[in-house]
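data11.txt, holding compact mmCIF, C-alpha atoms:
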```txt
# COMPACT_ATOMS: atom_id res chain seq x y z
CA MET A 16 -19.05 -14.74 30.95
CA THR A 17 -21.06 -15.95 28.04
CA ASP A 18 -19.65 -18.60 25.80
CA PHE A 19 -19.18 -17.79 22.15
CA THR A 20 -19.72 -20.48 19.60
CA LEU A 21 -17.84 -20.34 16.33
CA TRP A 22 -21.11 -19.39 14.65
CA ASP A 23 -21.57 -16.44 17.04
CA ILE A 24 -18.16 -15.13 16.02
CA VAL A 25 -18.70 -15.68 12.31
CA ARG A 26 -22.19 -14.13 12.42
CA ASN A 27 -20.98 -11.01 14.22
CA LEU A 28 -18.03 -10.62 11.89
CA MET A 29 -20.30 -10.89 8.87
CA LEU A 30 -22.63 -8.25 10.31
CA ALA A 31 -19.68 -5.90 10.83
CA GLY A 32 -18.32 -6.82 7.41
CA ARG A 33 -21.28 -5.01 5.87
CA TRP A 34 -19.81 -1.74 7.16
CA THR A 35 -16.44 -2.56 5.62
CA VAL A 36 -18.26 -2.97 2.29
CA VAL A 37 -20.32 0.21 2.73
CA LEU A 38 -17.31 2.31 3.75
CA SER A 39 -15.30 0.90 0.82
CA LEU A 40 -18.09 1.83 -1.60
CA ILE A 41 -18.35 5.35 -0.18
CA ALA A 42 -14.58 5.86 -0.34
CA PHE A 43 -14.28 4.43 -3.82
CA THR A 44 -17.26 6.30 -5.30
CA GLY A 45 -16.35 9.57 -3.63
CA GLY A 46 -12.70 9.11 -4.47
CA ALA A 47 -13.50 8.37 -8.11
CA ILE A 48 -15.62 11.53 -8.45
CA VAL A 49 -13.03 13.79 -6.79
CA GLY A 50 -10.21 11.98 -8.60
CA LEU A 51 -11.89 12.47 -11.99
CA VAL A 52 -12.36 16.20 -11.40
CA LEU A 53 -8.72 16.47 -10.33
CA THR A 54 -7.49 14.48 -13.33
CA LEU A 55 -9.40 16.68 -15.78
CA ALA A 56 -8.29 19.87 -14.03
CA ARG A 57 -4.72 18.65 -14.04
CA MET A 58 -4.70 17.89 -17.74
CA GLY A 59 -6.25 21.08 -19.01
CA GLY A 60 -5.62 23.47 -16.20
CA LEU A 61 -3.28 26.35 -15.73
CA LYS A 62 0.17 25.81 -14.33
CA PRO A 63 -0.63 26.82 -10.72
CA ILE A 64 -3.62 24.45 -10.72
CA ARG A 65 -1.51 21.60 -12.05
CA TRP A 66 1.11 22.36 -9.43
CA LEU A 67 -1.46 22.42 -6.61
CA ILE A 68 -2.96 19.10 -7.68
CA ARG A 69 0.47 17.55 -7.84
CA LEU A 70 1.14 18.78 -4.30
CA TYR A 71 -2.19 17.31 -3.19
CA VAL A 72 -1.30 13.91 -4.69
CA ASP A 73 2.21 13.94 -3.21
CA LEU A 74 0.91 14.88 0.23
CA PHE A 75 -1.54 11.99 0.35
CA GLN A 76 0.93 9.51 -1.13
CA GLY A 77 3.74 10.62 1.17
CA THR A 78 1.96 10.41 4.52
CA PRO A 79 0.43 7.48 6.43
CA LEU A 80 -3.29 6.87 5.92
CA LEU A 81 -3.53 6.45 9.68
CA MET A 82 -2.29 10.03 10.17
CA GLN A 83 -4.76 11.27 7.57
CA LEU A 84 -7.54 9.62 9.57
CA PHE A 85 -6.32 11.15 12.84
CA LEU A 86 -6.08 14.58 11.22
CA ALA A 87 -9.60 14.32 9.80
CA TYR A 88 -10.89 13.25 13.20
CA PHE A 89 -9.04 15.80 15.34
CA GLY A 90 -8.85 18.52 12.71
CA ALA A 91 -12.61 18.82 12.55
CA ALA A 92 -12.69 19.26 16.31
CA VAL A 93 -10.20 22.12 16.03
CA LEU A 94 -12.40 23.75 13.41
CA GLY A 95 -15.17 23.64 15.97
CA PHE A 96 -17.48 20.86 14.88
CA ASP A 97 -17.81 17.43 16.31
CA VAL A 98 -17.58 14.72 13.67
CA SER A 99 -18.48 11.08 14.02
CA ALA A 100 -16.04 8.31 13.16
CA TRP A 101 -18.27 7.70 10.13
CA THR A 102 -17.75 11.18 8.75
CA ALA A 103 -14.04 11.33 9.52
CA ALA A 104 -13.39 7.90 7.97
CA SER A 105 -15.49 8.66 4.87
CA VAL A 106 -13.79 12.01 4.28
CA ALA A 107 -10.24 10.78 4.89
CA LEU A 108 -10.65 7.64 2.77
CA THR A 109 -12.34 9.59 -0.05
CA LEU A 110 -9.48 12.11 -0.22
CA PHE A 111 -6.87 9.33 0.04
CA THR A 112 -8.56 7.40 -2.80
CA SER A 113 -8.94 10.50 -4.98
CA ALA A 114 -5.21 11.28 -4.75
CA PHE A 115 -4.18 7.78 -5.83
CA LEU A 116 -6.79 7.52 -8.60
CA CYS A 117 -5.78 10.96 -9.91
CA ASP A 118 -2.20 9.73 -10.16
CA ILE A 119 -3.18 6.45 -11.83
CA TRP A 120 -5.47 8.14 -14.34
CA ARG A 121 -2.98 10.87 -15.23
CA GLY A 122 -0.56 8.09 -16.17
CA CYS A 123 -3.23 6.51 -18.40
CA VAL A 124 -3.97 9.77 -20.24
CA GLU A 125 -0.26 10.37 -20.73
CA ALA A 126 0.15 6.83 -22.08
CA VAL A 127 -2.04 7.64 -25.08
CA PRO A 128 0.50 8.44 -27.82
CA SER A 129 0.88 12.15 -28.53
CA GLY A 130 0.33 11.47 -32.25
CA GLN A 131 -3.32 10.82 -31.38
CA TRP A 132 -3.58 14.35 -30.00
CA GLN A 133 -1.89 15.89 -32.99
CA ALA A 134 -4.00 13.91 -35.44
CA SER A 135 -7.28 14.88 -33.82
CA ARG A 136 -6.29 18.54 -33.62
CA VAL A 137 -5.23 18.49 -37.27
CA LEU A 138 -8.60 16.99 -38.15
CA GLY A 139 -10.20 20.10 -36.68
CA LEU A 140 -11.37 18.83 -33.31
CA ASN A 141 -10.98 21.29 -30.45
CA TYR A 142 -9.51 20.45 -27.06
CA LEU A 143 -12.72 19.13 -25.49
CA GLN A 144 -13.73 17.19 -28.61
CA SER A 145 -10.29 15.56 -28.89
CA MET A 146 -10.42 14.70 -25.23
CA ARG A 147 -13.89 13.23 -25.41
CA HIS A 148 -13.74 11.33 -28.69
CA VAL A 149 -10.09 10.41 -29.06
CA ILE A 150 -8.07 10.52 -25.85
CA LEU A 151 -10.46 9.53 -23.06
CA PRO A 152 -11.87 6.39 -24.75
CA GLN A 153 -8.32 5.10 -25.19
CA ALA A 154 -7.20 6.19 -21.73
CA LEU A 155 -10.26 4.51 -20.22
CA ARG A 156 -9.23 1.11 -21.57
CA LEU A 157 -5.82 1.52 -20.00
CA ALA A 158 -7.32 2.78 -16.75
CA VAL A 159 -9.66 -0.09 -15.93
CA PRO A 160 -7.13 -2.73 -14.75
CA PRO A 161 -5.13 -0.48 -12.38
CA THR A 162 -8.35 1.07 -11.07
CA VAL A 163 -9.81 -2.32 -10.21
CA GLY A 164 -6.46 -3.20 -8.65
CA PHE A 165 -6.52 -0.08 -6.53
CA SER A 166 -9.99 -0.88 -5.19
CA VAL A 167 -8.25 -3.65 -3.22
CA GLN A 168 -6.12 -1.01 -1.52
CA VAL A 169 -9.28 0.93 -0.64
CA ILE A 170 -10.91 -2.10 1.00
CA LYS A 171 -7.74 -2.80 2.99
CA GLY A 172 -7.50 0.89 3.87
CA THR A 173 -10.92 0.82 5.54
CA ALA A 174 -9.42 -1.48 8.19
CA LEU A 175 -7.61 1.55 9.61
CA ALA A 176 -10.95 3.25 10.32
CA SER A 177 -11.14 0.78 13.24
CA VAL A 178 -8.45 2.84 14.98
CA ILE A 179 -10.70 5.91 15.28
CA GLY A 180 -13.54 3.76 16.57
CA PHE A 181 -15.45 2.94 13.40
CA VAL A 182 -16.96 -0.51 13.93
CA GLU A 183 -16.17 -2.52 10.80
CA LEU A 184 -14.63 -5.93 10.29
CA THR A 185 -11.32 -5.28 12.09
CA LYS A 186 -12.86 -3.37 15.01
CA ALA A 187 -15.48 -6.10 15.39
CA GLY A 188 -12.63 -8.60 15.51
CA THR A 189 -10.84 -6.78 18.36
CA MET A 190 -14.13 -6.30 20.24
CA LEU A 191 -15.06 -9.97 19.86
CA ASN A 192 -11.58 -10.93 20.97
CA ASN A 193 -11.94 -8.87 24.14
CA ALA A 194 -15.10 -10.79 24.97
CA ALA A 195 -14.40 -14.28 23.67
CA PHE A 196 -10.60 -14.35 23.82
CA ALA A 197 -9.93 -16.57 20.86
CA PRO A 198 -7.41 -14.34 19.02
CA PHE A 199 -6.08 -16.99 16.67
CA THR A 200 -9.51 -18.00 15.35
CA ILE A 201 -10.95 -14.50 15.33
CA PHE A 202 -8.12 -12.75 13.50
CA ALA A 203 -7.79 -15.63 11.06
CA LEU A 204 -11.50 -15.21 10.29
CA VAL A 205 -11.12 -11.43 9.96
CA ALA A 206 -8.26 -11.97 7.53
CA LEU A 207 -10.40 -14.50 5.64
CA GLY A 208 -13.17 -11.91 5.39
CA TYR A 209 -10.86 -9.40 3.74
CA PHE A 210 -9.41 -12.11 1.51
CA ILE A 211 -12.89 -13.05 0.28
CA LEU A 212 -13.56 -9.40 -0.58
CA CYS A 213 -10.15 -8.62 -2.11
CA TYR A 214 -8.95 -11.75 -3.87
CA PRO A 215 -11.62 -11.81 -6.61
CA LEU A 216 -10.87 -8.15 -7.36
CA SER A 217 -7.12 -8.86 -7.51
CA ARG A 218 -7.72 -11.78 -9.86
CA TYR A 219 -10.07 -9.73 -12.02
CA ALA A 220 -7.54 -6.87 -12.23
CA ARG A 221 -4.82 -9.31 -13.33
CA HIS A 222 -7.15 -10.88 -15.88
CA LEU A 223 -8.00 -7.44 -17.33
CA GLU A 224 -4.33 -6.55 -17.48
CA LYS A 225 -3.49 -9.73 -19.38
CA LYS A 226 -6.33 -9.08 -21.79
CA LEU A 227 -5.09 -5.55 -22.41
CA TYR A 228 -1.52 -6.65 -23.06
CA GLY A 229 -2.80 -9.51 -25.19
CA ALA A 230 -4.76 -7.04 -27.31
CA GLY A 231 -1.46 -5.48 -28.25
CA ILE A 232 -2.05 -2.12 -26.62
CA ARG A 233 1.13 -0.44 -25.33
CA MET B 30 -9.68 28.01 17.88
CA THR B 31 -6.06 28.68 17.08
CA LEU B 32 -3.17 26.34 16.54
CA ASP B 33 -0.57 26.24 19.28
CA PHE B 34 2.61 24.28 18.62
CA SER B 35 4.51 25.55 21.68
CA THR B 36 2.89 22.92 23.90
CA LEU B 37 4.80 20.32 21.87
CA LEU B 38 8.25 21.61 22.77
CA PRO B 39 8.59 19.74 26.10
CA TYR B 40 7.94 16.50 24.20
CA THR B 41 10.78 16.77 21.67
CA ASP B 42 12.60 13.77 23.13
CA VAL B 43 9.42 11.67 22.98
CA ILE B 44 9.07 12.46 19.28
CA LEU B 45 12.76 11.67 18.71
CA GLU B 46 12.44 8.32 20.47
CA GLY B 47 9.47 7.44 18.29
CA LEU B 48 11.30 8.59 15.17
CA VAL B 49 14.29 6.37 15.99
CA THR B 50 12.00 3.33 16.36
CA THR B 51 10.26 4.07 13.04
CA LEU B 52 13.67 4.41 11.37
CA TRP B 53 15.18 1.16 12.62
CA LEU B 54 11.99 -0.76 11.87
CA THR B 55 12.15 0.58 8.32
CA VAL B 56 15.85 -0.16 7.82
CA VAL B 57 15.68 -3.74 9.12
CA THR B 58 12.48 -4.39 7.17
CA THR B 59 13.95 -3.08 3.93
CA VAL B 60 17.07 -5.25 4.15
CA VAL B 61 15.45 -8.48 5.38
CA GLY B 62 12.23 -7.97 3.38
CA ILE B 63 14.06 -7.63 0.07
CA ALA B 64 16.21 -10.68 0.88
CA LEU B 65 13.02 -12.65 1.62
CA ALA B 66 11.52 -11.44 -1.65
CA VAL B 67 14.52 -12.70 -3.62
CA VAL B 68 14.18 -16.16 -2.08
CA VAL B 69 10.44 -16.21 -2.77
CA ALA B 70 10.95 -14.99 -6.33
CA TYR B 71 13.61 -17.66 -6.89
CA PHE B 72 11.30 -20.48 -5.83
CA ARG B 73 8.40 -19.05 -7.83
CA ASP B 74 10.47 -18.60 -10.99
CA SER B 75 9.40 -21.33 -13.38
CA ALA B 76 12.84 -21.29 -15.06
CA SER B 77 14.79 -21.94 -11.84
CA ASP B 78 16.12 -25.33 -10.80
CA THR B 79 13.30 -25.76 -8.31
CA ALA B 80 10.75 -25.88 -11.12
CA ARG B 81 9.40 -29.11 -12.62
CA ASP B 82 8.07 -29.25 -16.17
CA GLY B 83 7.92 -25.48 -16.44
CA ARG B 84 5.71 -25.20 -13.35
CA PRO B 85 6.89 -23.86 -10.00
CA SER B 86 7.64 -26.53 -7.39
CA LEU B 87 5.36 -27.26 -4.42
CA VAL B 88 7.41 -24.82 -2.33
CA GLY B 89 7.01 -22.23 -5.08
CA ARG B 90 3.25 -22.66 -5.10
CA LEU B 91 3.03 -22.50 -1.31
CA LEU B 92 5.03 -19.27 -1.41
CA GLY B 93 2.60 -18.06 -4.08
CA GLY B 94 -0.19 -18.63 -1.56
CA TYR B 95 1.72 -16.62 1.04
CA VAL B 96 2.09 -13.72 -1.40
CA GLU B 97 -1.64 -13.73 -2.22
CA VAL B 98 -2.72 -13.88 1.44
CA ILE B 99 -0.51 -10.93 2.38
CA ARG B 100 -1.52 -8.87 -0.64
CA ASN B 101 -5.23 -9.39 -0.08
CA THR B 102 -5.50 -8.69 3.66
CA PRO B 103 -4.88 -5.44 5.57
CA PHE B 104 -1.55 -4.95 7.33
CA ILE B 105 -3.28 -4.16 10.64
CA VAL B 106 -5.02 -7.56 10.59
CA GLN B 107 -1.72 -9.33 9.83
CA LEU B 108 -0.19 -7.47 12.75
CA PHE B 109 -3.02 -8.38 15.14
CA PHE B 110 -2.89 -11.99 13.98
CA LEU B 111 0.82 -12.26 14.73
CA PHE B 112 0.75 -10.33 18.00
CA PHE B 113 -2.49 -11.65 19.52
CA GLY B 114 -2.96 -14.89 17.61
CA LEU B 115 0.46 -16.55 17.86
CA PRO B 116 0.63 -16.46 21.70
CA ALA B 117 -2.60 -18.46 21.70
CA LEU B 118 -0.60 -21.19 19.96
CA GLY B 119 2.11 -20.95 22.61
CA ILE B 120 4.45 -18.82 20.49
CA SER B 121 4.90 -15.67 22.51
CA ILE B 122 6.53 -12.68 20.84
CA SER B 123 7.10 -9.13 22.02
CA ALA B 124 5.37 -6.19 20.33
CA PRO B 125 8.46 -4.90 18.47
CA VAL B 126 9.26 -8.41 17.20
CA ALA B 127 5.67 -8.87 16.03
CA ALA B 128 5.80 -5.48 14.31
CA LEU B 129 9.09 -6.29 12.59
CA LEU B 130 7.88 -9.74 11.54
CA ALA B 131 4.64 -8.33 10.12
CA MET B 132 6.49 -5.60 8.22
CA ILE B 133 9.07 -8.03 6.81
CA LEU B 134 6.40 -10.52 5.70
CA ASN B 135 4.46 -7.65 4.14
CA LEU B 136 7.35 -6.11 2.21
CA GLY B 137 8.60 -9.59 1.25
CA ALA B 138 5.30 -10.50 -0.42
CA TYR B 139 4.85 -7.25 -2.33
CA THR B 140 8.48 -7.11 -3.43
CA ALA B 141 8.40 -10.76 -4.54
CA GLU B 142 5.50 -9.86 -6.83
CA ILE B 143 7.31 -6.76 -8.12
CA LEU B 144 10.46 -8.82 -8.76
CA ARG B 145 8.44 -11.47 -10.54
CA ALA B 146 7.30 -8.89 -13.08
CA GLY B 147 10.97 -8.00 -13.66
CA ILE B 148 12.00 -11.65 -13.87
CA ASP B 149 9.19 -12.54 -16.29
CA SER B 150 10.41 -9.89 -18.68
CA THR B 151 13.87 -11.46 -18.86
CA LEU B 152 14.18 -13.12 -22.24
CA LYS B 153 14.29 -16.90 -22.07
CA GLY B 154 17.18 -16.97 -24.49
CA GLN B 155 19.37 -15.03 -22.07
CA HIS B 156 18.88 -17.67 -19.42
CA GLU B 157 19.67 -20.41 -21.92
CA ALA B 158 22.71 -18.55 -23.21
CA ALA B 159 24.04 -18.18 -19.66
CA ARG B 160 23.56 -21.92 -19.10
CA ALA B 161 25.31 -22.70 -22.39
CA LEU B 162 28.23 -20.52 -21.29
CA GLY B 163 28.63 -22.80 -18.29
CA LEU B 164 27.02 -20.78 -15.54
CA SER B 165 25.19 -22.85 -12.93
CA ARG B 166 21.46 -22.30 -12.51
CA LEU B 167 22.06 -20.26 -9.37
CA GLN B 168 24.79 -18.17 -11.05
CA SER B 169 22.56 -17.63 -14.04
CA PHE B 170 19.66 -16.61 -11.78
CA ARG B 171 21.87 -14.18 -9.93
CA HIS B 172 23.73 -12.50 -12.78
CA VAL B 173 21.44 -12.84 -15.77
CA VAL B 174 17.97 -12.78 -14.22
CA LEU B 175 18.05 -11.12 -10.81
CA VAL B 176 20.26 -8.07 -11.25
CA PRO B 177 18.66 -6.91 -14.52
CA ALA B 178 15.22 -7.57 -12.95
CA PHE B 179 16.16 -5.38 -9.99
CA SER B 180 17.29 -2.54 -12.20
CA ARG B 181 14.07 -2.74 -14.23
CA VAL B 182 11.70 -2.71 -11.26
CA TYR B 183 13.78 -0.43 -9.04
CA PRO B 184 11.30 2.52 -9.18
CA SER B 185 8.44 0.25 -8.00
CA LEU B 186 10.72 -1.13 -5.31
CA ILE B 187 11.40 2.37 -3.96
CA SER B 188 7.66 3.12 -3.82
CA GLN B 189 6.96 -0.16 -2.04
CA CYS B 190 9.58 0.47 0.66
CA ILE B 191 8.08 3.93 1.25
CA ILE B 192 4.58 2.43 1.48
CA VAL B 193 5.81 -0.01 4.13
CA MET B 194 7.55 2.80 6.05
CA LEU B 195 4.31 4.83 6.05
CA GLY B 196 2.32 1.72 6.91
CA SER B 197 4.51 1.18 9.96
CA ALA B 198 2.42 3.89 11.67
CA VAL B 199 -0.01 1.05 12.39
CA VAL B 200 2.42 -0.75 14.73
CA SER B 201 1.53 1.91 17.32
CA GLN B 202 -1.69 -0.05 17.73
CA ILE B 203 0.16 -2.89 19.47
CA SER B 204 2.05 -0.36 21.67
CA VAL B 205 5.31 -0.26 19.77
CA PHE B 206 6.85 3.13 20.65
CA ASP B 207 7.12 4.47 17.09
CA LEU B 208 6.46 7.98 15.78
CA THR B 209 2.68 7.50 15.76
CA TYR B 210 2.71 6.06 19.28
CA ALA B 211 4.70 9.11 20.39
CA ALA B 212 2.07 11.35 18.79
CA ASN B 213 -0.74 9.45 20.53
CA PHE B 214 1.14 9.68 23.81
CA ILE B 215 1.62 13.45 23.55
CA GLN B 216 -1.98 13.90 22.45
CA SER B 217 -3.15 12.12 25.59
CA ARG B 218 -1.08 14.53 27.72
CA ASN B 219 -1.61 17.94 26.17
CA PHE B 220 -4.92 17.36 24.33
CA ARG B 221 -3.52 19.13 21.27
CA GLY B 222 -4.37 16.31 18.89
CA PHE B 223 -4.43 18.27 15.66
CA GLU B 224 -1.08 20.01 16.21
CA VAL B 225 0.64 16.78 17.31
CA TYR B 226 -0.63 14.79 14.34
CA LEU B 227 0.23 17.62 11.96
CA VAL B 228 3.85 17.56 13.16
CA ALA B 229 4.02 13.75 13.02
CA THR B 230 2.55 13.79 9.50
CA ALA B 231 5.14 16.35 8.40
CA ILE B 232 7.92 14.15 9.79
CA TYR B 233 6.54 11.14 7.88
CA LEU B 234 6.48 13.24 4.72
CA LEU B 235 10.11 14.23 5.23
CA LEU B 236 11.02 10.59 5.86
CA ALA B 237 9.28 9.56 2.62
CA VAL B 238 11.12 12.23 0.63
CA GLY B 239 14.44 11.37 2.31
CA LEU B 240 13.99 7.65 1.74
CA ARG B 241 13.27 8.24 -1.95
CA LEU B 242 16.37 10.42 -2.38
CA LEU B 243 18.51 7.85 -0.58
CA PHE B 244 17.18 5.00 -2.72
CA GLU B 245 17.72 7.00 -5.91
CA PHE B 246 21.31 7.73 -4.85
CA VAL B 247 21.97 4.06 -4.10
CA GLY B 248 20.26 3.06 -7.36
CA ARG B 249 22.53 5.32 -9.42
CA ARG B 250 25.54 3.64 -7.81
CA LEU B 251 24.23 0.08 -8.15
CA PHE B 252 22.90 0.25 -11.67
CA ALA B 253 25.14 2.99 -13.09
CA TYR B 254 26.85 0.68 -15.56
CA ARG B 255 23.58 -0.14 -17.29
CA GLN B 256 22.38 3.32 -17.98
CA GLY B 257 24.28 3.88 -21.20
CA GLY B 258 23.83 0.39 -22.64
CA SER B 259 20.80 -1.73 -23.40
CA ALA B 260 19.63 -2.97 -20.03
```
For this file, produce the structure as structure tokens.
Amino acid sequence: MTDFTLWDIVRNLMLAGRWTVVLSLIAFTGGAIVGLVLTLARMGGLKPIRWLIRLYVDLFQGTPLLMQLFLAYFGAAVLGFDVSAWTAASVALTLFTSAFLCDIWRGCVEAVPSGQWQASRVLGLNYLQSMRHVILPQALRLAVPPTVGFSVQVIKGTALASVIGFVELTKAGTMLNNAAFAPFTIFALVALGYFILCYPLSRYARHLEKKLYGAGIR
Amino acid sequence: MTLDFSTLLPYTDVILEGLVTTLWLTVVTTVVGIALAVVVAYFRDSASDTARDGRPSLVGRLLGGYVEVIRNTPFIVQLFFLFFGLPALGISISAPVAALLAMILNLGAYTAEILRAGIDSTLKGQHEAARALGLSRLQSFRHVVLVPAFSRVYPSLISQCIIVMLGSAVVSQISVFDLTYAANFIQSRNFRGFEVYLVATAIYLLLAVGLRLLFEFVGRRLFAYRQGGSA
């Protein structure tokens, strides 16, 4: 059995950490795009569309992310095509992220006082113009802090991709532990890795929130 | 390929056993986790008797560190650290105990942060008025700060407990026989992964809905007297 130095462990964890970052970026970007489409459809859409999107959000918020990952992984097999852990993890995390962002952003649009709507319509702006020039700019300011805050949940969520065999920070930790058997050190370092990624985002989200409240909005 | 749920029928008792484990883990975690959160929130409250010069005490700041560590690392890593890491230090714990400990520490940290938001919004004058009326610091914390804080943040508290219940699916990864472990077990026997996970997911969804209804019922009882007045 080869001996692992602390540097070997740290180096391998950092290499695997890249994939945590990449998967987080994919999930967040994909989730933001899908979430934005859903938010817009939900605000303007017909009743059945609104109802369907609400169901979509409730389904993803009411079931474990781990189950969503299993379903993406095994569901694709049922449909007849073989997906890699990469694809399954990216798809499941993107859908998961989109549902939560859609919910967060809907709240932000609803938080813009209805008088703003009425005023812009009275001034002769149509639905899209009001949305673009009056509502969305205000909703966007409200949306930034909780969105940054949610990105932390996305990063932590990628850890579950390890369960379906995606080699990222957590999976690398368990693999290293099987070889080096230093669970205390290894999992403390894995946790440190996530903390380094997440803590600055948490702090930034809190800072943005304070700034928003300080500015007297809401 | 078609879906076939009939192959699941022989495994009903396996699913039930898993469901029971998920339920008791959730119940114990909710009760102990919220109690832990109250203690943490008390020590972190800058107005409580543990504070010095308007700053939380050393204990309060240490607990603040605990909250940040839990909130900024994934639950599965916390679980692995407790289950695999602690025995390396000579502290050996069984899988269910590790799962319960991880869940309690997790809910405790998130709920402490939720409670803090509720506590911070308590007007300082109320605390001072309670003290002037002769309530001790602890009495004042309990009656004037804590209960109103709970009623204010109760919706967030419900969501957090549901998140922890759903997150408990991860304890299957250290071989705790919960609902997800049952699903994995059946999947390894009948190779009907999609059907098994679909059923397990549906059960989780029902649990989430049921938990929310239960919490809302309890909340109406607990905080009923505030609804008409100014809370």
Polymer residues at most 8 Å from Ala127 (chain B), all atoms listed in the file, same-chain spacing of 4 or more positions, as JSON, numbers by chain: {"B": [108, 111, 112, 122, 123, 131]}
Among the residues B:Val176, B:Val56, B:Tyr210, B:Arg100, the one that comes closest to Gly164 (chain A) [using only C-alpha atoms]: B:Arg100
Which residues of chain B have any atom within 6 Å of an atom in chain A when counting all atoms listed in the file, and what is the closest pair of atoms for each, with the distance in Å to one decimal? Order the rows by chain and rising number and write it as JSON lines.
```
{"residue": "B:Asn101", "atom": "CA", "partner": "A:Phe210", "partner_atom": "CA", "distance": 5.2}
{"residue": "B:Thr102", "atom": "CA", "partner": "A:Tyr209", "partner_atom": "CA", "distance": 5.4}
{"residue": "B:Pro103", "atom": "CA", "partner": "A:Lys171", "partner_atom": "CA", "distance": 4.7}
{"residue": "B:Phe110", "atom": "CA", "partner": "A:Phe202", "partner_atom": "CA", "distance": 5.3}
{"residue": "B:Phe113", "atom": "CA", "partner": "A:Pro198", "partner_atom": "CA", "distance": 5.6}
{"residue": "B:Gly114", "atom": "CA", "partner": "A:Phe199", "partner_atom": "CA", "distance": 3.9}
{"residue": "B:Leu195", "atom": "CA", "partner": "A:Pro79", "partner_atom": "CA", "distance": 4.7}
{"residue": "B:Gly222", "atom": "CA", "partner": "A:Phe89", "partner_atom": "CA", "distance": 5.9}
{"residue": "B:Phe223", "atom": "CA", "partner": "A:Phe89", "partner_atom": "CA", "distance": 5.2}
{"residue": "B:Tyr233", "atom": "CA", "partner": "A:Thr78", "partner_atom": "CA", "distance": 5.7}
{"residue": "B:Leu234", "atom": "CA", "partner": "A:Gly77", "partner_atom": "CA", "distance": 5.2}
{"residue": "B:Ala237", "atom": "CA", "partner": "A:Gly77", "partner_atom": "CA", "distance": 5.8}
```
Give the padded box for region 60-72 of chain A as AutoDock Vina command-line options: axis-aligned, covering all atoms listed in the file, 6 Å on each side, centre and edge lengths in Å to one decimal.
```
--center_x -2.2 --center_y 20.4 --center_z -9.7 --size_x 18.8 --size_y 24.9 --size_z 25.0
```
One-decimal distance in Å that lies between CA of Glu183 (chain A) and CA of Thr35 (chain A): 5.2 Å
Atomic separation - CA of Glu224 (chain B) relative to CA of Leu54 (chain B), Å: 24.9 Å
